[in-house]
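Data from entry_32.txt: compact mmCIF, C-alpha atoms
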# COMPACT_ATOMS: atom_id res chain seq x y z
CA MET L 420 0.00 0.00 0.00
CA ASN L 421 1.34 3.42 -0.92
CA PHE L 422 0.91 6.31 1.48
CA PRO L 423 1.02 9.95 0.38
CA ASP L 424 4.13 11.94 1.27
CA PHE L 425 3.01 14.49 3.92
CA ARG L 426 6.48 15.93 4.52
CA PRO L 427 5.95 19.10 2.39
CA LEU L 428 2.60 19.72 4.10
CA THR L 429 4.16 19.17 7.55
CA ALA L 430 6.99 21.59 6.77
CA LEU L 431 4.45 24.19 5.60
CA THR L 432 2.38 23.71 8.76
CA ILE L 433 5.45 24.16 10.98
CA ALA L 434 6.55 27.25 9.04
CA LEU L 435 3.08 28.82 9.40
CA PHE L 436 3.01 27.95 13.11
CA VAL L 437 6.39 29.59 13.74
CA ALA L 438 5.50 32.65 11.62
CA SER L 439 2.30 33.14 13.62
CA GLY L 440 4.23 33.27 16.91
CA GLY L 441 3.82 29.62 17.88
CA PHE L 442 2.18 28.97 21.21
CA SER L 443 1.10 32.26 22.70
CA GLN L 444 0.63 33.14 26.32
CA PRO L 445 -2.99 33.68 27.34
CA GLU L 446 -4.04 37.31 27.21
CA SER L 447 -3.60 38.90 30.62
CA GLN L 448 -6.42 40.84 32.21
CA ALA L 449 -5.09 44.11 33.59
CA ILE L 450 -6.24 44.67 37.16
CA GLU L 451 -5.82 47.55 39.60
CA TRP L 452 -4.85 47.34 43.25
CA ASP L 453 -8.40 48.29 44.25
CA ASP L 454 -9.56 45.01 42.67
CA LEU L 455 -7.67 43.15 45.42
CA LYS L 456 -9.64 44.84 48.19
CA ASP L 457 -12.48 42.31 47.90
CA VAL L 458 -11.04 40.40 50.84
CA ARG L 459 -11.70 40.40 54.55
CA PHE L 460 -9.66 38.81 57.31
CA GLU L 461 -10.91 36.55 60.07
CA PRO L 462 -8.95 35.85 63.23
CA GLY L 463 -7.44 32.42 63.61
CA PHE L 464 -5.11 30.65 65.97
CA ASP L 465 -2.57 27.92 65.22
CA GLU L 466 -2.35 25.56 68.20
CA ASN L 467 0.99 24.04 67.15
CA SER L 468 2.89 27.33 67.01
CA GLU L 469 0.59 29.17 69.42
CA THR L 470 0.31 31.93 66.87
CA ALA L 471 -2.64 34.24 66.27
CA TYR L 472 -3.14 35.18 62.65
CA GLU L 473 -5.57 36.72 60.18
CA LEU L 474 -6.91 34.30 57.55
CA PRO L 475 -8.05 35.88 54.27
CA VAL L 476 -11.60 35.30 53.04
CA PHE L 477 -11.90 36.30 49.40
CA GLY L 478 -14.95 37.87 47.80
CA ASN L 479 -16.67 36.67 44.63
CA SER L 480 -14.80 39.05 42.32
CA LEU L 481 -11.45 37.65 43.46
CA GLU L 482 -12.68 34.06 43.37
CA LYS L 483 -13.53 34.61 39.68
CA LEU L 484 -10.00 35.91 39.01
CA GLU L 485 -8.23 33.01 40.72
CA GLY L 486 -6.25 30.95 38.24
CA THR L 487 -6.58 33.52 35.46
CA SER L 488 -3.76 35.40 33.80
CA ILE L 489 -3.57 38.95 35.11
CA SER L 490 -1.23 41.91 34.88
CA ILE L 491 -0.62 44.50 37.56
CA THR L 492 1.77 47.41 37.96
CA GLY L 493 3.48 48.17 41.23
CA TYR L 494 6.68 48.77 43.13
CA VAL L 495 9.17 45.93 43.51
CA ILE L 496 10.33 45.15 47.03
CA PRO L 497 13.28 42.75 47.28
CA MET L 498 12.73 40.21 50.04
CA ASP L 499 15.79 38.02 49.36
CA ILE L 500 17.70 38.78 46.18
CA ASN L 501 19.90 35.69 46.60
CA LEU L 502 16.78 33.53 46.42
CA ASN L 503 15.22 35.65 43.63
CA TYR L 504 12.36 36.40 46.04
CA TYR L 505 10.50 39.63 45.39
CA VAL L 506 7.06 41.03 46.02
CA VAL L 507 5.21 43.72 44.12
CA SER L 508 3.46 46.39 46.17
CA ALA L 509 0.83 49.01 45.52
CA TYR L 510 3.07 51.42 47.42
CA PRO L 511 6.80 52.18 47.58
CA PHE L 512 8.78 50.54 50.38
CA ALA L 513 8.44 53.45 52.81
CA ALA L 514 4.63 53.07 52.79
CA CYS L 515 4.21 49.35 52.05
CA PHE L 516 2.56 46.60 54.10
CA PHE L 517 5.86 45.52 55.68
CA CYS L 518 6.36 48.98 57.19
CA GLY L 519 2.88 48.90 58.69
CA SER L 520 1.34 51.63 56.53
CA ALA L 521 -0.80 49.42 54.26
CA GLY L 522 -2.86 46.26 54.37
CA PRO L 523 -1.86 42.75 53.26
CA GLU L 524 -4.05 43.17 50.16
CA SER L 525 -1.51 45.66 48.84
CA VAL L 526 1.30 43.13 48.17
CA ILE L 527 1.65 40.13 45.87
CA ASP L 528 4.24 37.37 46.18
CA LEU L 529 6.08 37.02 42.85
CA GLN L 530 6.83 33.45 41.80
CA LEU L 531 9.14 34.43 38.96
CA THR L 532 9.88 32.18 35.98
CA LYS L 533 13.50 33.31 35.74
CA GLU L 534 16.09 35.15 37.77
CA HIS L 535 15.86 38.94 37.86
CA HIS L 536 17.68 41.77 39.56
CA PHE L 537 15.22 44.49 40.45
CA LYS L 538 15.97 47.65 42.36
CA ASN L 539 13.97 48.57 45.45
CA ASP L 540 10.88 50.59 44.45
CA GLN L 541 11.41 49.91 40.74
CA LYS L 542 7.99 50.34 39.07
CA VAL L 543 7.22 47.25 36.96
CA THR L 544 4.20 45.59 35.34
CA PHE L 545 4.03 41.86 35.99
CA CYS L 546 1.92 39.18 34.28
CA GLY L 547 1.11 35.76 35.68
CA GLU L 548 -1.53 33.50 37.14
CA LEU L 549 -3.31 34.90 40.20
CA VAL L 550 -3.25 32.52 43.17
CA LEU L 551 -5.35 33.12 46.29
CA ASN L 552 -3.78 31.83 49.51
CA LYS L 553 -6.64 30.38 51.50
CA ASN L 554 -4.71 28.14 53.87
CA SER L 555 -1.26 29.24 54.98
CA PHE L 556 -0.79 32.13 57.37
CA PHE L 557 2.95 31.94 56.62
CA GLU L 558 2.35 33.28 53.10
CA LEU L 559 0.89 36.46 51.61
CA PRO L 560 -2.80 36.43 50.60
CA PHE L 561 -1.90 36.78 46.89
CA ALA L 562 0.73 35.24 44.64
CA LEU L 563 1.51 35.60 40.98
CA ARG L 564 2.52 32.16 39.67
CA ASN L 565 4.78 32.01 36.60
CA ALA L 566 5.33 35.74 36.99
CA GLU L 567 7.09 37.60 34.22
CA VAL L 568 7.80 41.22 33.40
CA CYS L 569 5.27 42.21 30.75
CA ASP L 570 5.12 45.18 28.45
Representation of the structure as structure tokens:
Amino acid sequence: MNFPDFRPLTALTIALFVASGGFSQPESQAIEWDDLKDVRFEPGFDENSETAYELPVFGNSLEKLEGTSISITGYVIPMDINLNYYVVSAYPFAACFFCGSAGPESVIDLQLTKEHHFKNDQKVTFCGELVLNKNSFFELPFALRNAEVCD
């Protein structure tokens, strides 16, 4: 049995795929810091560590955004540059959550896809998948998974 030679068609398909940009990232929905305010905090207590904490309870608008690709612009705050650990804040360092001047809904943990070297208070727009932290009081309420600098 003779089969047709699909090699020219396959090469054309690959060429068209590459020319079109190949696999594209999902379109990010731009959000503002006010969009993250749909959260309230309930008191909790961890018996093992004897630690009181505030557990986030997210509103419907944030629940709908969880797992989606978003973009947000803010100020970079280096937490541990050796570990490539940064957060993005609605406010510069002098007024951010860690200095006690803002709420925990004003910072997002950046889970970066590659190593970066940001300066403190550098204003950057990040894209990534929004993750809501519903369980661990050791982590920030929000994270950006697969975070990248976006244009």
Give me the residues of region 433-543 of chain L that have any atom at most 7 Å from an atom of region 553-565 of chain L; for each, the nearest atom pair and the distance in Å, rounded to one decimal. Use only C-alpha atoms, sort by chain and number, and format it as a tab-separated table.
residue	atom	partner	partner_atom	distance
L:Tyr472	CA	L:Phe556	CA	6.5
L:Leu474	CA	L:Phe556	CA	6.5
L:Pro475	CA	L:Lys553	CA	6.3
L:Pro523	CA	L:Pro560	CA	6.9
L:Glu524	CA	L:Pro560	CA	6.9
L:Ile527	CA	L:Phe561	CA	5.0
L:Asp528	CA	L:Ala562	CA	4.4
L:Leu529	CA	L:Leu563	CA	5.1
L:Gln530	CA	L:Arg564	CA	5.0
L:Leu531	CA	L:Asn565	CA	5.5
L:Thr532	CA	L:Asn565	CA	5.1
Could those residues be written to a file, using C-alpha atoms, as a CSV table (one decimal), keeping the file's coordinate frame?
chain,number,residue,atom,x,y,z
L,472,TYR,CA,-3.1,35.2,62.6
L,474,LEU,CA,-6.9,34.3,57.6
L,475,PRO,CA,-8.0,35.9,54.3
L,523,PRO,CA,-1.9,42.8,53.3
L,524,GLU,CA,-4.0,43.2,50.2
L,527,ILE,CA,1.6,40.1,45.9
L,528,ASP,CA,4.2,37.4,46.2
L,529,LEU,CA,6.1,37.0,42.8
L,530,GLN,CA,6.8,33.4,41.8
L,531,LEU,CA,9.1,34.4,39.0
L,532,THR,CA,9.9,32.2,36.0
inquiry  = Could you check the closest approach to Ser508 (chain L) for each of L:Ala566, L:Leu455, L:Ile491, L:Val526 and tell me which residue wins, using all atoms listed in the file?
reply    = L:Val526
inquiry  = If I take CA of His536 (chain L) and CA of Leu484 (chain L), how far is one from the other in Å, to one decimal?
reply    =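 So the answer is 28.3 Å.
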ask   = What is the CA of Gln541 (chain L)-CA of Glu446 (chain L) distance in Å, reported with one decimal?
value = 24.1 Å
task = For Ala509 (chain L), please output as a PyMOL selection string all residues within 10 Å (counting all atoms listed in the file; exclusion window: fewer than 3 positions along the same chain).
result = chain L and resi 451-453+491-495+512+514-516+521-522+524-527+542
inquiry  = When you count only C-alpha atoms, which of these residues is closest to Thr487 (chain L): L:Ser447, L:Glu567, L:Lys538, L:Asn467?
reply    =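 Of the candidates, the smallest distance to Thr487 (chain L) is held by L:Ser447.
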query = Which residues come within 9 Å of Phe460 (chain L), counting all atoms listed in the file, excluding same-chain residues fewer than 2 positions away, as a PyMOL selection string?
reply = chain L and resi 458+462+473-477
query = What is the CA of Phe464 (chain L) to CA of Asn552 (chain L) distance in Å?
reply =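 Those two atoms sit 16.6 Å apart.
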Quick one: 6 Å padding each side, axis-aligned, all listed atoms of region 530-548 of chain L - centre and edge lengths in Å to one decimal, as lines of an AutoDock Vina configuration file?
center_x = 8.1
center_y = 41.4
center_z = 39.9
size_x = 31.2
size_y = 30.4
size_z = 23.2
message = Measuring between only C-alpha atoms, which one of L:Leu551, L:Glu461, L:Glu466, L:Gly519 shows the shortest distance to Ser480 (chain L)?
response =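 With only C-alpha atoms as the atom set, the closest residue is L:Leu551.
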query = Out of L:Asp570, L:Ile450, L:Pro497, L:Gly486, which residue has the shortest atom-to-atom distance to Phe517 (chain L) when counting all atoms listed in the file?
reply =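 Counting all atoms listed in the file, the residue closest to Phe517 (chain L) is L:Pro497.
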